[in-house]
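Shown next, in C-alpha cells, is the structure this report addresses.
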Amino acid sequence: MKNWLFGRFRVVVIVVALVVLTSVASVAWKMMSVKTTAVNKPAVAAPEPKHKAPKKRRDPVLVLPENEWVDSTLKSLSIEQKIGQLFMVATFSNRDESHYRYIDKLINDYQIGGLIFFQGGPVSQAQLTNRYQAHSNIPLFIGIDGEWGLGMRLDSTISFPKQMVLGAIQDDRLIYRMGDDIARQCKRLGIHINFAPVSDVNSNPANPVIGIRSFGEDKENVARKSIAYMKGLQHNRIIATAKHFPGHGDTDADSHFTLPVLNHSLEQLNSDLYPYREMIADSLMGVLNAHLYIPALDNTPNQASSLSDKVVNGLLRKDLGFRGLVFTDAMNMRGVLKNGKPADVNLKALVAGNDVLLYPESIAETVSRIKDAINSKLISEKIIDDKVKRILQAKYWAGLNQYKPIDINNLYNDLNSEKSKELNRELSEASVTVVKNDNNLIPIGSVMDNNIASVSMGEGSGVAFQKMLSTYKPMRSYSFYDAPSSQDQITEMLGYLQPYNTVIVDVHGISSKPGRNYGITTGMVEFVNQLKQQNKKVILCLFGTPYSIQFFPDTDVLICANQDGKDQQEIVPQIIFGALGSKGRLPVSVLAHKSGGGVSTTSINRIAFGTPESVGMDGISLKKIDEIATAAVNDHVFPGCEVLVARQGKIIYEKQFGGLSYRTNERVTPETIYDLASLTKVSATLQAVMLLYDRKQISLDEKASKYLPELAGTNKQNFTVRDLLLHRSGLVSFYPSLWDRTKTSAGGLLPEYYSSKQDTAYYLQVAPKLFAKGALRDSVWKWVVESPMNNRRDRAGSYGYLYSDLGFLTLQKIVERVAGQSLDNFVAANIYEPLGLPYLGFNPLRRFPEKQIAPTEQDYRFRGQLLQGTVHDQMAAIVGGVSGHAGLFGTARDLAVLLQMNLWKGNYAGKRYYEQATVPFFSRMYDESHHRGLGWDKAPADGNSSFVSPLASVNSFGHTGFTGTMVWVDPEEDLVFIFLSNRVNPDPENTAITTHRTRRKIQDVVYGSLIQRKSQLP
C-alpha cells in the first residue's frame, strides 16, 4: 500500500514537474523570441496592417533576461551603490563646466544609475556621455525624452512628425520604421532609453499638456501605433517607455505645474488603459508613471498616482502583470511635489513600486532617507535588490555589460542620413488628410482654368506652399502679412479676388495649445466666411492641429496637414493638383468630422517631388554632381547651370550652380530661363510632328513637297518627312549665306533689313536692340528652298546622314502649313499651356524681364551686342526667333514636365497628348551607325559619347543644344535627366563642356546612384 501511494505521489510529482517545465519553456521561448527579433530584425517584426482582426488578450511577456553578469554585479554592490542605481538624473549638454562637474560628483559620490539628457547638441552630448561613463563603475543608463526623435531635445538632429500627425497615418509600418530609425540614432549617440511613445488616449481637446503628443482619441489606433513605435525601438535594443500611465489624455491641467484630477469611472479608466494593456501583453520594457490624482484608483487626498501602491504595485504590476522597468515621471514636477519634500516624495515613489526615480531632486537627502527606511523596515532591502536587479537586467539587455565609448567621427552625418530625411517626408505625406472634398473638386486636372487664386495667412505664411502651387499652375498669389486684423484688410483682399471662382486659402501659425483658439484669429475666420458669402469655391488648407478645424466655416474642400513645415507645404499642393494621392484620416473628432474620417484622393499622373531614396536612388552618391558642377563653374566651363533628375515620376534632384555670367553676382535660380538651342528640335518641332502624325495629318513617308508645293520641281522635291527626321534628306547642315546676304561687304548690317528701333516694318527682334524687317522671314525661306544640297550619297544614290538645321526648319514649315498656325502658337496651345508650362516658349522677352533670362554670346560678328532673351542661333534670329531648329527658351522644371509626358507615352494629368505607341515609335533606334531615332538622338552603341553616359540604356533618347543644354529620357530606368547652361557666354568658341565631358560625368553619377542604391538593397 505504501509503495502504491509512493508511486502515485511520484507520478504526481512528475506531472507537476512537466507542467512547470512546460511553463518555463514557454516563458523562455517568449524571451528568446523577443531577444531574437531584437537582434535580427526580421521583416515579420513590423506591425501588422490595420485591417487585421484584433487579437485576443495575451499574457504579459517576460522582457528582462536573467544573466550571470546581473547576479554577480548585484552581489558586488554595497547598499549605497544599490540605492544609487535608482536615480536617473537630468543633465544638459549646453551648460557650463560647473554643471558638468556637478554631474561628475553625483556619479563619483552616489554611483547614480543613469542620466536623462535634455537640451544641447549631439556632439557635445556624445563627448559628455563618454566623460560621464568613464567615471562610472557600472555603465550608466542614458535616456532622452525623444517623442518625435532626437530633434525634440537636440539641435542639428532630425525631428519626425508629432504623434498626433502620425495618428493620421493608415500604414502602421511607417510608424515602426520611424521607431527603428530613432533607435538607430539613439544607439549611435549612446542612448539606451527613449521615453516614448506617448500612449495616452487624448479624449480631451482642451488637454494642455498632451494634445498633439498623443496619437489621437481612438484607443485602438493609439495602441497599434504605440506598439509599432515600441517595436521599432526595442528591436534595436532601445528600451521603449509607454507614458503617462495610467492615462493623461483626459486632463485639463498640466502636471508640470499642478496635480491634475481625473474623476473617471473604472469603466472609463479601462478605456484609457487599453493601449498600456496591449503594449504590456506584447513586449513593453518600460512604463512611466504620471502624476495624477485618480480617486477611482486611490482616493487618498491629493495622492499622486505615481506615489500610490494601489496604482503601481496593484494596477500596473499585479493586475496588468507588467514585469519591466517602472519609471516615475520627472520628480521635480509640481504635480508630485505637492505630496511633500523631495526626499520624502522620492521615497514614497519607491515604496509604491517604481524602480527608477526620474529627474529627482535632493539626491543626498534621498539616499539618507532610503537607508533610514530600510533600517526602520519601511522598505526591505529585498525590495531594493529586486529593483536594482531589474535595472541591471535592462542594462544587460541594452548591451551595457559590453560598454564601448561613442565614436565622435562622422556623428552629425550618421544622425542626419538621407534615409531619415526620406522617411520624414514619407510620414508627412501619409499623414495629410483631405477631410472634405465636395464634388471631387480636387485633384484639379486642367491647369488652363484661369479662375484660381491663392491667399496665404498666418504667422510665417506659406511661401513654400504658394511656390509649389505655381509649379503646377501659374496663378495670382496673395498674402496677408500675418492675419487679417480689420474689415478694411478683408475688403481689400476680396477686391483682388473678385475675378476668381476658386480660392485656395492656406493657414499657418496654428498653435498646438488650446489656449487662444490654437492661434486661429477672428480675422482669419471672418475672411473665409466672406469668401463663402461671395459664392467662391474655397479650398481650405490648415497647417496645424486638426482641432483648429472647429473654428472655420464649412468649405468645399478641407485639407488638414496636421503640422506646418516645408515638407507639408510642398506636399499639399501636389495633392491638390493630383501629383500625389491623399490617404490620411483624422486622429480626433472635430465637430461633425469623426475620428477616422476623411476621403482618399488619387494621383492623376502629374510629376511630383520626392527624395532620391523614395525612388530607389542613393542621395549621397548624387552629391557628387555638386562637386562636378561647382568645379566646372570654377574652371569657366560655363558661368552657371542647372541639373534636374526625375525618376518614377518624381523630381528628386534639382540644383542650380554659379551665376548668369562671369561678370555679375546674379545667381541661377529654378526660374532662370535658358536658350535651349537645338532642344527646340525635340521639345517643339518634334512634339508638333508627333501630334499631327497622331491626327493622321502628316505621313512620315510622304514627300515634303506634298505639304510644301514650292519644293516641287526643285532639288528638294523628293525627300520625305522621315528623311528630315533622320537627317538624311540631303539638306546641308546650315547655310551661313542666309544671314550673310543681309550684311554689307564690310560685315555691317544692311539697313534694308535691320533697324535699331522697332516699328511696324521692323518688328522681328533679332537682338535686344536690333530688329529685322518682317518680310525677311519670307526671304529666308525662299533662300532655303534655293539652297544647294550636300554631296553625301550612298551607292544607291540615296542621301546619307548629315545633321541638318535646315531639315528642322523645313519641318517647321510643314507643321505650320498643315496646322494652319505658326509653330510657336501651335505647340503653346496644344502642349505647353495644357501641361501648365509658363516658361517654355519662344521670344521670352515678350513675357519675362530680361534679368530672368540667362545671357548667351557677346556677339561681335553679327549683332554687335550681348544676346539676352533673343535666340543665339543666327538663322533662327533673322526669322524672328521662331524656327524649327532653334529659338525655344525654358526652365528645367518645364522641360521635366514635357519629357515626363513623353516618358509616360503621351499621358499626363489625366489627358492624353499622344497615342500610347507614338513616343516609343519615334524614339526607337532607326539608324544605329549614327545613333538616331525619328528626331531623337540615341545613345551610341559603343558608349563613346562626350555627353551621354555609357550606362544609359539602348532605349534611352534625348538631345543636346549648342548653348550647353541636354535632355535625356531613359524608359528602362524610368528616368528623366535635364542639364541647362549658357556655356557660350561670353564666347561660343568655349568648348570645355565637351572636352571636359561635363554632362556625361554628371549623367554617370545619376546612373551610379541607381547602381549604388541597388547594391544597398537586401
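We label chains A, B, ... in the order they appear in the C-alpha cells, count residues from 1 in each chain, and number ligands from 1 in the order shown.
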Please list as number ranges by chain every residue within 9 Å of Val897 of chain A, counting only C-alpha atoms and excluding residues in the same chain fewer than 5 positions away. A: 606-607, 835-837, 892, 902, 908
Export, as a PDB file, in the first residue's frame, the selected residues with N, CA and C atoms.
ATOM      1  N   ARG A 606       0.747  63.256 -62.519  1.00  0.00           N
ATOM      2  CA  ARG A 606       1.464  64.524 -62.658  1.00  0.00           C
ATOM      3  C   ARG A 606       2.807  64.358 -61.991  1.00  0.00           C
ATOM      4  N   ILE A 607       3.801  65.021 -62.494  1.00  0.00           N
ATOM      5  CA  ILE A 607       5.123  64.896 -61.898  1.00  0.00           C
ATOM      6  C   ILE A 607       5.091  65.421 -60.464  1.00  0.00           C
ATOM      7  N   LEU A 835      -0.259  71.576 -70.436  1.00  0.00           N
ATOM      8  CA  LEU A 835       0.639  70.974 -69.453  1.00  0.00           C
ATOM      9  C   LEU A 835       0.942  71.931 -68.292  1.00  0.00           C
ATOM     10  N   GLY A 836       0.631  73.214 -68.474  1.00  0.00           N
ATOM     11  CA  GLY A 836       0.913  74.184 -67.430  1.00  0.00           C
ATOM     12  C   GLY A 836       2.368  74.584 -67.377  1.00  0.00           C
ATOM     13  N   LEU A 837       2.945  74.891 -68.550  1.00  0.00           N
ATOM     14  CA  LEU A 837       4.372  75.236 -68.632  1.00  0.00           C
ATOM     15  C   LEU A 837       4.506  76.726 -68.935  1.00  0.00           C
ATOM     16  N   ALA A 892      14.288  74.286 -66.490  1.00  0.00           N
ATOM     17  CA  ALA A 892      14.469  72.843 -66.322  1.00  0.00           C
ATOM     18  C   ALA A 892      13.176  72.179 -65.878  1.00  0.00           C
ATOM     19  N   ASN A 902       6.340  62.619 -72.240  1.00  0.00           N
ATOM     20  CA  ASN A 902       6.856  61.733 -73.282  1.00  0.00           C
ATOM     21  C   ASN A 902       7.219  60.366 -72.711  1.00  0.00           C
ATOM     22  N   TYR A 908      -0.546  62.541 -69.443  1.00  0.00           N
ATOM     23  CA  TYR A 908      -0.131  63.392 -68.324  1.00  0.00           C
ATOM     24  C   TYR A 908      -1.362  64.055 -67.709  1.00  0.00           C
TER      25      TYR A 908
END
Spatial neighbours of Thr810 of chain A, max dist 9 Å, only C-alpha atoms, sep filter under 2 positions, as a PyMOL selection string: chain A and resi 704+708+724+781+784+805-808+812-815+884
Closest atom pairs, residues of segment 568-674 of chain A within 8 Å of segment 466-469 of chain A, only C-alpha atoms, as a Markdown table:
| residue | atom | partner | partner_atom | distance |
| --- | --- | --- | --- | --- |
| A:Gln569 | CA | A:Met468 | CA | 7.8 |
| A:Glu570 | CA | A:Met468 | CA | 5.8 |
| A:Pro573 | CA | A:Leu469 | CA | 5.3 |
| A:Gln574 | CA | A:Met468 | CA | 7.7 |
Next, write the just-selected residues to a file, as a JSON list (two decimals), in the first residue's frame, keeping N, CA and C atoms as the atom set.
[["chain", "number", "residue", "atom", "x", "y", "z"],
["A", 569, "GLN", "N", 4.17, 71.85, -46.67],
["A", 569, "GLN", "CA", 3.80, 72.93, -47.60],
["A", 569, "GLN", "C", 4.07, 72.52, -49.05],
["A", 570, "GLU", "N", 4.98, 71.60, -49.27],
["A", 570, "GLU", "CA", 5.23, 71.14, -50.64],
["A", 570, "GLU", "C", 4.34, 69.95, -51.01],
["A", 573, "PRO", "N", 0.11, 71.06, -52.07],
["A", 573, "PRO", "CA", -0.19, 71.44, -53.45],
["A", 573, "PRO", "C", -0.13, 70.25, -54.41],
["A", 574, "GLN", "N", 0.76, 69.30, -54.14],
["A", 574, "GLN", "CA", 0.84, 68.13, -55.00],
["A", 574, "GLN", "C", -0.42, 67.28, -54.89]]
Picked from segment 44-206 of chain A by DSSP as strand (DSSP E), as a PyMOL selection string: chain A and resi 87-91+114-117+141-144+193-194
Which residue gives the smallest distance to Ile878 of chain A among A:Phe922, A:Phe826, A:Tyr914, A:Tyr762, with only C-alpha atoms counted?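 Of all the options, A:Tyr762 lies closest to Ile878 of chain A.
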